[in-house]
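> Pasting a structure below so you can have a look.
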Amino acid sequence: MFILASGSPRRRELLEQIGCSFQVEPSGAKEITEAEDPVRLVVKNAEIKASATAELHPGIPVLAADTVVFMDKDIYGKPKDADDAARMLRELSGKEHNVATGMVIAAGGNLYSDASVTRVRLARLTDDEIRRYIDTGEPLDKAGAYGIQGKAAAFIEGISGSYTNVVGLPLHAFVVLARKAGIDIWQ
């Protein structure tokens, strides 16, 4: 058994999908917004969240993760509002971008970390498609203002890498990291 230090319903669903034994306790830790590169940013944020939650639960392994979308030097986190979501979707429209998820497991006084990057190609979107998608409310709590596992699946031309990474937790990389940390995720 381990603690998932995240309130993300998508991460919870992914872990449930593979039969993990865990409890959810979102971390209240304050994330950073700038780093040398997007991969370091997501790993650092996952470390901050895992460490904060592990302090409250000594002896119980903790998993934390953070996901961002990035293209060139621009990082796309969760949009502030509908206008911000529209800006992000217009900028990503018709282009390839990357999705990075950093994971940290705090276990036995140690931190184990890894990151995955997946390349995603978003179709060219019309202003009407962007508006109608935003009207669903779906993009407002997702990095890059879209959810590949939801309605935005219709806009994804292709990916290279882990699909579950784009959803929010690269499952295979997580299983490998948990093994390294000595955690039986199904117990």
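The way I read the labels, and the way they are meant: chains A, B, ... in the order of the structure tokens, residue 1 as the first residue of every chain, and ligand 1 as the first ligand shown, with later ones counted on from there.
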List every residue of segment 133-160 of chain A that has an atom at most 9 Å from any atom of segment 116-126 of chain A, giving for each one its closest atom pair and the distance in Å to one decimal, counting only C-alpha atoms, sorted by chain and then by ascending residue number, as JSON lines.

```
{"residue": "A:Ala154", "atom": "CA", "partner": "A:Ala123", "partner_atom": "CA", "distance": 8.7}
{"residue": "A:Phe155", "atom": "CA", "partner": "A:Ala123", "partner_atom": "CA", "distance": 5.3}
{"residue": "A:Ile156", "atom": "CA", "partner": "A:Leu122", "partner_atom": "CA", "distance": 4.8}
{"residue": "A:Glu157", "atom": "CA", "partner": "A:Arg121", "partner_atom": "CA", "distance": 5.5}
{"residue": "A:Gly158", "atom": "CA", "partner": "A:Arg121", "partner_atom": "CA", "distance": 5.4}
{"residue": "A:Ile159", "atom": "CA", "partner": "A:Val120", "partner_atom": "CA", "distance": 4.4}
{"residue": "A:Ser160", "atom": "CA", "partner": "A:Arg119", "partner_atom": "CA", "distance": 5.0}
```
> For Ala52 of chain A, please output as a ChimeraX atom specification all residues within 10 Å (counting only C-alpha atoms; exclusion window: fewer than 4 positions along the same chain).
/A:5,27-30,46-48,56-57,62,64,106
> Selection from above, all heavy atoms, as a PDB file, in the first residue's frame, can you write it?

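To be explicit, this is the file written out as part.pdb:
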```
ATOM      1  N   ALA A   5      -0.102  11.182  -3.570  1.00  0.00           N
ATOM      2  CA  ALA A   5      -0.161  12.577  -3.118  1.00  0.00           C
ATOM      3  C   ALA A   5      -0.659  13.466  -4.252  1.00  0.00           C
ATOM      4  O   ALA A   5       0.029  14.384  -4.704  1.00  0.00           O
ATOM      5  CB  ALA A   5       1.211  13.019  -2.629  1.00  0.00           C
ATOM      6  N   SER A  27      -1.385  16.501  -1.843  1.00  0.00           N
ATOM      7  CA  SER A  27      -0.383  17.316  -1.170  1.00  0.00           C
ATOM      8  C   SER A  27      -0.790  18.771  -1.244  1.00  0.00           C
ATOM      9  O   SER A  27      -1.230  19.249  -2.281  1.00  0.00           O
ATOM     10  CB  SER A  27       0.980  17.129  -1.849  1.00  0.00           C
ATOM     11  OG  SER A  27       1.903  18.055  -1.336  1.00  0.00           O
ATOM     12  N   GLY A  28      -0.627  19.468  -0.155  1.00  0.00           N
ATOM     13  CA  GLY A  28      -0.910  20.899  -0.145  1.00  0.00           C
ATOM     14  C   GLY A  28       0.332  21.723  -0.417  1.00  0.00           C
ATOM     15  O   GLY A  28       0.320  22.947  -0.269  1.00  0.00           O
ATOM     16  N   ALA A  29       1.408  21.076  -0.822  1.00  0.00           N
ATOM     17  CA  ALA A  29       2.677  21.771  -1.039  1.00  0.00           C
ATOM     18  C   ALA A  29       2.573  22.751  -2.201  1.00  0.00           C
ATOM     19  O   ALA A  29       1.883  22.507  -3.184  1.00  0.00           O
ATOM     20  CB  ALA A  29       3.783  20.760  -1.300  1.00  0.00           C
ATOM     21  N   LYS A  30       3.288  23.863  -2.085  1.00  0.00           N
ATOM     22  CA  LYS A  30       3.302  24.874  -3.135  1.00  0.00           C
ATOM     23  C   LYS A  30       4.312  24.469  -4.209  1.00  0.00           C
ATOM     24  O   LYS A  30       5.469  24.242  -3.921  1.00  0.00           O
ATOM     25  CB  LYS A  30       3.675  26.226  -2.546  1.00  0.00           C
ATOM     26  CG  LYS A  30       3.672  27.336  -3.574  1.00  0.00           C
ATOM     27  CD  LYS A  30       3.529  28.685  -2.923  1.00  0.00           C
ATOM     28  CE  LYS A  30       3.642  29.826  -3.905  1.00  0.00           C
ATOM     29  NZ  LYS A  30       2.809  29.775  -5.058  1.00  0.00           N
ATOM     30  N   ALA A  46       7.160  17.194  -8.298  1.00  0.00           N
ATOM     31  CA  ALA A  46       6.801  15.891  -7.738  1.00  0.00           C
ATOM     32  C   ALA A  46       7.577  15.641  -6.449  1.00  0.00           C
ATOM     33  O   ALA A  46       7.026  15.113  -5.469  1.00  0.00           O
ATOM     34  CB  ALA A  46       7.060  14.783  -8.757  1.00  0.00           C
ATOM     35  N   GLU A  47       8.827  16.039  -6.425  1.00  0.00           N
ATOM     36  CA  GLU A  47       9.645  15.877  -5.215  1.00  0.00           C
ATOM     37  C   GLU A  47       9.096  16.707  -4.058  1.00  0.00           C
ATOM     38  O   GLU A  47       9.005  16.227  -2.926  1.00  0.00           O
ATOM     39  CB  GLU A  47      11.081  16.304  -5.523  1.00  0.00           C
ATOM     40  CG  GLU A  47      12.028  16.131  -4.368  1.00  0.00           C
ATOM     41  CD  GLU A  47      13.436  16.583  -4.733  1.00  0.00           C
ATOM     42  OE1 GLU A  47      13.942  16.171  -5.795  1.00  0.00           O
ATOM     43  OE2 GLU A  47      14.024  17.358  -3.943  1.00  0.00           O
ATOM     44  N   ILE A  48       8.712  17.944  -4.340  1.00  0.00           N
ATOM     45  CA  ILE A  48       8.140  18.815  -3.308  1.00  0.00           C
ATOM     46  C   ILE A  48       6.883  18.180  -2.724  1.00  0.00           C
ATOM     47  O   ILE A  48       6.693  18.128  -1.503  1.00  0.00           O
ATOM     48  CB  ILE A  48       7.837  20.216  -3.902  1.00  0.00           C
ATOM     49  CG1 ILE A  48       9.140  20.957  -4.201  1.00  0.00           C
ATOM     50  CG2 ILE A  48       6.937  21.025  -2.974  1.00  0.00           C
ATOM     51  CD1 ILE A  48       8.962  22.209  -5.068  1.00  0.00           C
ATOM     52  N   LEU A  56       4.214  13.737   6.721  1.00  0.00           N
ATOM     53  CA  LEU A  56       2.982  13.518   7.491  1.00  0.00           C
ATOM     54  C   LEU A  56       2.698  12.038   7.732  1.00  0.00           C
ATOM     55  O   LEU A  56       1.885  11.700   8.596  1.00  0.00           O
ATOM     56  CB  LEU A  56       1.797  14.143   6.755  1.00  0.00           C
ATOM     57  CG  LEU A  56       1.863  15.646   6.503  1.00  0.00           C
ATOM     58  CD1 LEU A  56       0.695  16.090   5.629  1.00  0.00           C
ATOM     59  CD2 LEU A  56       1.887  16.412   7.814  1.00  0.00           C
ATOM     60  N   HIS A  57       3.335  11.167   6.951  1.00  0.00           N
ATOM     61  CA  HIS A  57       3.060   9.731   7.023  1.00  0.00           C
ATOM     62  C   HIS A  57       4.360   8.926   7.003  1.00  0.00           C
ATOM     63  O   HIS A  57       4.616   8.187   6.043  1.00  0.00           O
ATOM     64  CB  HIS A  57       2.163   9.299   5.857  1.00  0.00           C
ATOM     65  CG  HIS A  57       0.861  10.018   5.812  1.00  0.00           C
ATOM     66  ND1 HIS A  57      -0.195   9.674   6.620  1.00  0.00           N
ATOM     67  CD2 HIS A  57       0.453  11.087   5.082  1.00  0.00           C
ATOM     68  CE1 HIS A  57      -1.209  10.489   6.380  1.00  0.00           C
ATOM     69  NE2 HIS A  57      -0.830  11.355   5.454  1.00  0.00           N
ATOM     70  N   VAL A  62       5.129   7.091  -0.564  1.00  0.00           N
ATOM     71  CA  VAL A  62       4.309   8.145  -1.168  1.00  0.00           C
ATOM     72  C   VAL A  62       4.714   8.318  -2.629  1.00  0.00           C
ATOM     73  O   VAL A  62       5.904   8.402  -2.946  1.00  0.00           O
ATOM     74  CB  VAL A  62       4.503   9.485  -0.423  1.00  0.00           C
ATOM     75  CG1 VAL A  62       3.773  10.618  -1.136  1.00  0.00           C
ATOM     76  CG2 VAL A  62       4.030   9.379   1.023  1.00  0.00           C
ATOM     77  N   ALA A  64       4.156  10.907  -5.851  1.00  0.00           N
ATOM     78  CA  ALA A  64       3.667  12.200  -6.329  1.00  0.00           C
ATOM     79  C   ALA A  64       4.082  12.358  -7.784  1.00  0.00           C
ATOM     80  O   ALA A  64       5.086  11.779  -8.216  1.00  0.00           O
ATOM     81  CB  ALA A  64       4.231  13.337  -5.481  1.00  0.00           C
ATOM     82  N   ALA A 106       8.653   8.619  -2.430  1.00  0.00           N
ATOM     83  CA  ALA A 106       9.367   8.758  -1.157  1.00  0.00           C
ATOM     84  C   ALA A 106       9.134   7.465  -0.391  1.00  0.00           C
ATOM     85  O   ALA A 106       7.992   7.119  -0.091  1.00  0.00           O
ATOM     86  CB  ALA A 106       8.842   9.960  -0.374  1.00  0.00           C
TER      87      ALA A 106
END
```
> Go through A:Leu63, A:Ala181, A:Leu92, A:Ala35 one by one, measure the shortest atom-to-atom distance of each to Leu15 of chain A using only C-alpha atoms, and give the residue with the smallest value.
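The shortest atom-to-atom distance to Leu15 of chain A comes from A:Leu63.
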> Please run DSSP on the backbone and report, as a ChimeraX atom specification, all residues within segment 98-175 of chain A that come out as strand (DSSP E).
/A:98-107,110-122,156-160
> Please provide as a PyMOL selection string all residues within 9 Å of Lys78 of chain A, with the sequence filter that same-chain residues fewer than 3 positions apart are discarded (counting only C-alpha atoms).
chain A and resi 68+81+84-85+139-145
> Create the file for the chosen residues now, containing N, CA and C atoms and written as a JSON list (two decimals), in the first residue's frame.

```
[["chain", "number", "residue", "atom", "x", "y", "z"],
["A", 68, "VAL", "N", 3.30, 18.62, -17.28],
["A", 68, "VAL", "CA", 3.16, 19.86, -18.06],
["A", 68, "VAL", "C", 3.24, 19.52, -19.54],
["A", 81, "ASP", "N", -8.08, 30.39, -16.89],
["A", 81, "ASP", "CA", -9.50, 30.60, -17.19],
["A", 81, "ASP", "C", -9.76, 30.19, -18.64],
["A", 84, "ASP", "N", -7.44, 31.84, -21.23],
["A", 84, "ASP", "CA", -6.10, 31.25, -21.21],
["A", 84, "ASP", "C", -6.12, 29.89, -21.91],
["A", 85, "ALA", "N", -7.18, 29.12, -21.69],
["A", 85, "ALA", "CA", -7.32, 27.82, -22.36],
["A", 85, "ALA", "C", -7.39, 28.01, -23.87],
["A", 139, "PRO", "N", -11.24, 21.38, -20.53],
["A", 139, "PRO", "CA", -9.84, 21.80, -20.58],
["A", 139, "PRO", "C", -9.38, 22.63, -19.38],
["A", 140, "LEU", "N", -10.26, 23.06, -18.53],
["A", 140, "LEU", "CA", -9.91, 24.04, -17.51],
["A", 140, "LEU", "C", -9.05, 23.49, -16.37],
["A", 141, "ASP", "N", -8.98, 22.19, -16.18],
["A", 141, "ASP", "CA", -8.13, 21.65, -15.11],
["A", 141, "ASP", "C", -7.05, 20.72, -15.64],
["A", 142, "LYS", "N", -6.66, 20.94, -16.88],
["A", 142, "LYS", "CA", -5.68, 20.04, -17.50],
["A", 142, "LYS", "C", -4.51, 20.82, -18.08],
["A", 143, "ALA", "N", -3.31, 20.28, -17.89],
["A", 143, "ALA", "CA", -2.13, 20.89, -18.48],
["A", 143, "ALA", "C", -2.30, 20.96, -19.99],
["A", 144, "GLY", "N", -1.97, 22.12, -20.55],
["A", 144, "GLY", "CA", -2.11, 22.30, -21.99],
["A", 144, "GLY", "C", -3.53, 22.53, -22.45],
["A", 145, "ALA", "N", -4.47, 22.56, -21.52],
["A", 145, "ALA", "CA", -5.88, 22.83, -21.79],
["A", 145, "ALA", "C", -6.57, 21.75, -22.62]]
```
> Record the distance separating atom CA of Val175 of chain A and atom CA of Asp114 of chain A, expressed in Å with one decimal.
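Pair atom CA of Val175 of chain A / atom CA of Asp114 of chain A returns 11.0 Å.
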> Just asking: which residues within segment 9-117 of chain A are alpha helix (DSSP H) according to DSSP, as a short mmCIF file (atom, residue, chain, number, x, y, z; two decimals) with N, CA, C and O atoms, in the first residue's frame?

```cif
data_model
loop_
_atom_site.label_atom_id
_atom_site.label_comp_id
_atom_site.auth_asym_id
_atom_site.auth_seq_id
_atom_site.Cartn_x
_atom_site.Cartn_y
_atom_site.Cartn_z
N PRO A 9 -8.08 12.97 -10.52
CA PRO A 9 -8.90 11.78 -10.74
C PRO A 9 -8.32 10.87 -11.82
O PRO A 9 -8.48 9.67 -11.80
N ARG A 10 -7.60 11.46 -12.78
CA ARG A 10 -7.01 10.65 -13.85
C ARG A 10 -5.89 9.76 -13.31
O ARG A 10 -5.80 8.59 -13.68
N ARG A 11 -5.06 10.28 -12.44
CA ARG A 11 -4.00 9.43 -11.85
C ARG A 11 -4.62 8.32 -11.02
O ARG A 11 -4.18 7.17 -11.08
N ARG A 12 -5.64 8.66 -10.26
CA ARG A 12 -6.32 7.64 -9.46
C ARG A 12 -6.90 6.55 -10.36
O ARG A 12 -6.72 5.36 -10.10
N GLU A 13 -7.56 6.93 -11.44
CA GLU A 13 -8.16 5.95 -12.35
C GLU A 13 -7.10 5.07 -13.00
O GLU A 13 -7.31 3.87 -13.17
N LEU A 14 -5.96 5.65 -13.37
CA LEU A 14 -4.89 4.85 -13.97
C LEU A 14 -4.35 3.82 -12.99
O LEU A 14 -4.14 2.65 -13.36
N LEU A 15 -4.14 4.22 -11.75
CA LEU A 15 -3.64 3.27 -10.75
C LEU A 15 -4.68 2.20 -10.45
O LEU A 15 -4.34 1.03 -10.27
N GLU A 16 -5.95 2.59 -10.40
CA GLU A 16 -7.02 1.60 -10.20
C GLU A 16 -7.08 0.63 -11.37
O GLU A 16 -7.33 -0.57 -11.20
N GLN A 17 -6.85 1.13 -12.57
CA GLN A 17 -6.89 0.31 -13.78
C GLN A 17 -5.93 -0.88 -13.69
O GLN A 17 -6.25 -1.98 -14.16
N PRO A 38 11.50 21.99 -18.70
CA PRO A 38 10.23 21.41 -18.26
C PRO A 38 10.37 20.08 -17.52
O PRO A 38 9.62 19.81 -16.58
N VAL A 39 11.32 19.24 -17.93
CA VAL A 39 11.47 17.94 -17.26
C VAL A 39 11.96 18.15 -15.82
O VAL A 39 11.45 17.53 -14.89
N ARG A 40 12.90 19.04 -15.64
CA ARG A 40 13.36 19.33 -14.26
C ARG A 40 12.24 19.94 -13.43
O ARG A 40 12.14 19.69 -12.24
N LEU A 41 11.42 20.76 -14.07
CA LEU A 41 10.29 21.38 -13.36
C LEU A 41 9.34 20.33 -12.81
O LEU A 41 8.98 20.37 -11.63
N VAL A 42 8.93 19.37 -13.65
CA VAL A 42 7.95 18.38 -13.19
C VAL A 42 8.55 17.44 -12.14
O VAL A 42 7.86 17.04 -11.19
N VAL A 43 9.82 17.11 -12.28
CA VAL A 43 10.46 16.25 -11.27
C VAL A 43 10.56 17.00 -9.94
O VAL A 43 10.28 16.45 -8.87
N LYS A 44 10.96 18.27 -9.98
CA LYS A 44 11.08 19.06 -8.76
C LYS A 44 9.73 19.21 -8.08
O LYS A 44 9.62 19.08 -6.86
N ASN A 45 8.68 19.49 -8.84
CA ASN A 45 7.35 19.62 -8.24
C ASN A 45 6.88 18.30 -7.63
O ASN A 45 6.28 18.28 -6.55
N ALA A 46 7.16 17.19 -8.30
CA ALA A 46 6.80 15.89 -7.74
C ALA A 46 7.58 15.64 -6.45
O ALA A 46 7.03 15.11 -5.47
N GLU A 47 8.83 16.04 -6.42
CA GLU A 47 9.64 15.88 -5.22
C GLU A 47 9.10 16.71 -4.06
O GLU A 47 9.00 16.23 -2.93
N ILE A 48 8.71 17.94 -4.34
CA ILE A 48 8.14 18.82 -3.31
C ILE A 48 6.88 18.18 -2.72
O ILE A 48 6.69 18.13 -1.50
N LYS A 49 6.00 17.67 -3.59
CA LYS A 49 4.74 17.08 -3.13
C LYS A 49 4.97 15.77 -2.37
O LYS A 49 4.36 15.53 -1.33
N ALA A 50 5.86 14.92 -2.89
CA ALA A 50 6.13 13.64 -2.22
C ALA A 50 6.75 13.86 -0.85
O ALA A 50 6.36 13.22 0.13
N SER A 51 7.70 14.77 -0.76
CA SER A 51 8.38 15.04 0.52
C SER A 51 7.42 15.59 1.56
O SER A 51 7.45 15.17 2.72
N ALA A 52 6.57 16.53 1.15
CA ALA A 52 5.61 17.12 2.08
C ALA A 52 4.65 16.08 2.63
O ALA A 52 4.35 16.04 3.83
N THR A 53 4.15 15.21 1.76
CA THR A 53 3.20 14.18 2.20
C THR A 53 3.90 13.11 3.02
O THR A 53 3.35 12.62 4.01
N ALA A 54 5.12 12.74 2.64
CA ALA A 54 5.87 11.72 3.39
C ALA A 54 6.16 12.17 4.82
O ALA A 54 6.17 11.33 5.74
N GLU A 55 6.37 13.46 5.03
CA GLU A 55 6.59 13.97 6.40
C GLU A 55 5.39 13.70 7.30
O GLU A 55 5.55 13.47 8.50
N LEU A 56 4.21 13.74 6.72
CA LEU A 56 2.98 13.52 7.49
C LEU A 56 2.70 12.04 7.73
O LEU A 56 1.88 11.70 8.60
N ALA A 82 -10.97 30.43 -19.11
CA ALA A 82 -11.34 30.03 -20.47
C ALA A 82 -10.52 30.76 -21.53
O ALA A 82 -10.14 30.17 -22.54
N ASP A 83 -10.22 32.03 -21.30
CA ASP A 83 -9.42 32.78 -22.27
C ASP A 83 -8.01 32.20 -22.37
O ASP A 83 -7.44 32.11 -23.46
N ASP A 84 -7.44 31.84 -21.23
CA ASP A 84 -6.10 31.25 -21.21
C ASP A 84 -6.12 29.89 -21.91
O ASP A 84 -5.20 29.55 -22.65
N ALA A 85 -7.18 29.12 -21.69
CA ALA A 85 -7.32 27.82 -22.36
C ALA A 85 -7.39 28.01 -23.87
O ALA A 85 -6.74 27.28 -24.64
N ALA A 86 -8.14 29.01 -24.33
CA ALA A 86 -8.25 29.28 -25.76
C ALA A 86 -6.89 29.67 -26.34
O ALA A 86 -6.51 29.21 -27.42
N ARG A 87 -6.13 30.49 -25.61
CA ARG A 87 -4.80 30.89 -26.07
C ARG A 87 -3.91 29.66 -26.23
O ARG A 87 -3.24 29.49 -27.25
N MET A 88 -3.91 28.77 -25.23
CA MET A 88 -3.08 27.58 -25.29
C MET A 88 -3.46 26.70 -26.47
O MET A 88 -2.60 26.24 -27.23
N LEU A 89 -4.74 26.47 -26.65
CA LEU A 89 -5.20 25.60 -27.74
C LEU A 89 -4.88 26.20 -29.11
O LEU A 89 -4.49 25.47 -30.03
N ARG A 90 -4.99 27.52 -29.24
CA ARG A 90 -4.62 28.17 -30.51
C ARG A 90 -3.13 27.99 -30.78
O ARG A 90 -2.72 27.73 -31.91
N GLU A 91 -2.31 28.13 -29.74
CA GLU A 91 -0.85 27.99 -29.92
C GLU A 91 -0.45 26.55 -30.24
O GLU A 91 0.49 26.32 -31.00
N LEU A 92 -1.14 25.57 -29.67
CA LEU A 92 -0.81 24.16 -29.90
C LEU A 92 -1.44 23.62 -31.19
O LEU A 92 -0.99 22.60 -31.71
#
```
> Atom CA of Ser8 of chain A to atom CA of Gln187 of chain A: how many Å, to one decimal?
21.8 Å
> Would you please work out which residue, of A:Gly108, A:Gly7, A:Gly102, A:Pro79, is nearest to Gly59 of chain A when using only C-alpha atoms?
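Counting only C-alpha atoms, the residue closest to Gly59 of chain A is A:Gly108.
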> Here is a test: counting only C-alpha atoms, which residue of A:Ile75, A:Glu129, A:Ile3, A:Met103 is nearest to Phe22 of chain A?
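When distances to Phe22 of chain A are compared using only C-alpha atoms, the smallest one comes from A:Ile3.
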> Measure the distance from atom CA of Val99 of chain A to atom CA of Ser6 of chain A in Å and round it to one decimal.
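It comes out at 18.0 Å.
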> Using only C-alpha atoms, which residue out of A:Pro61, A:Gly150, A:Pro170, A:Gly94 lies closest to Ile183 of chain A?
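Ranked by minimum distance to Ile183 of chain A, first place goes to A:Pro61.
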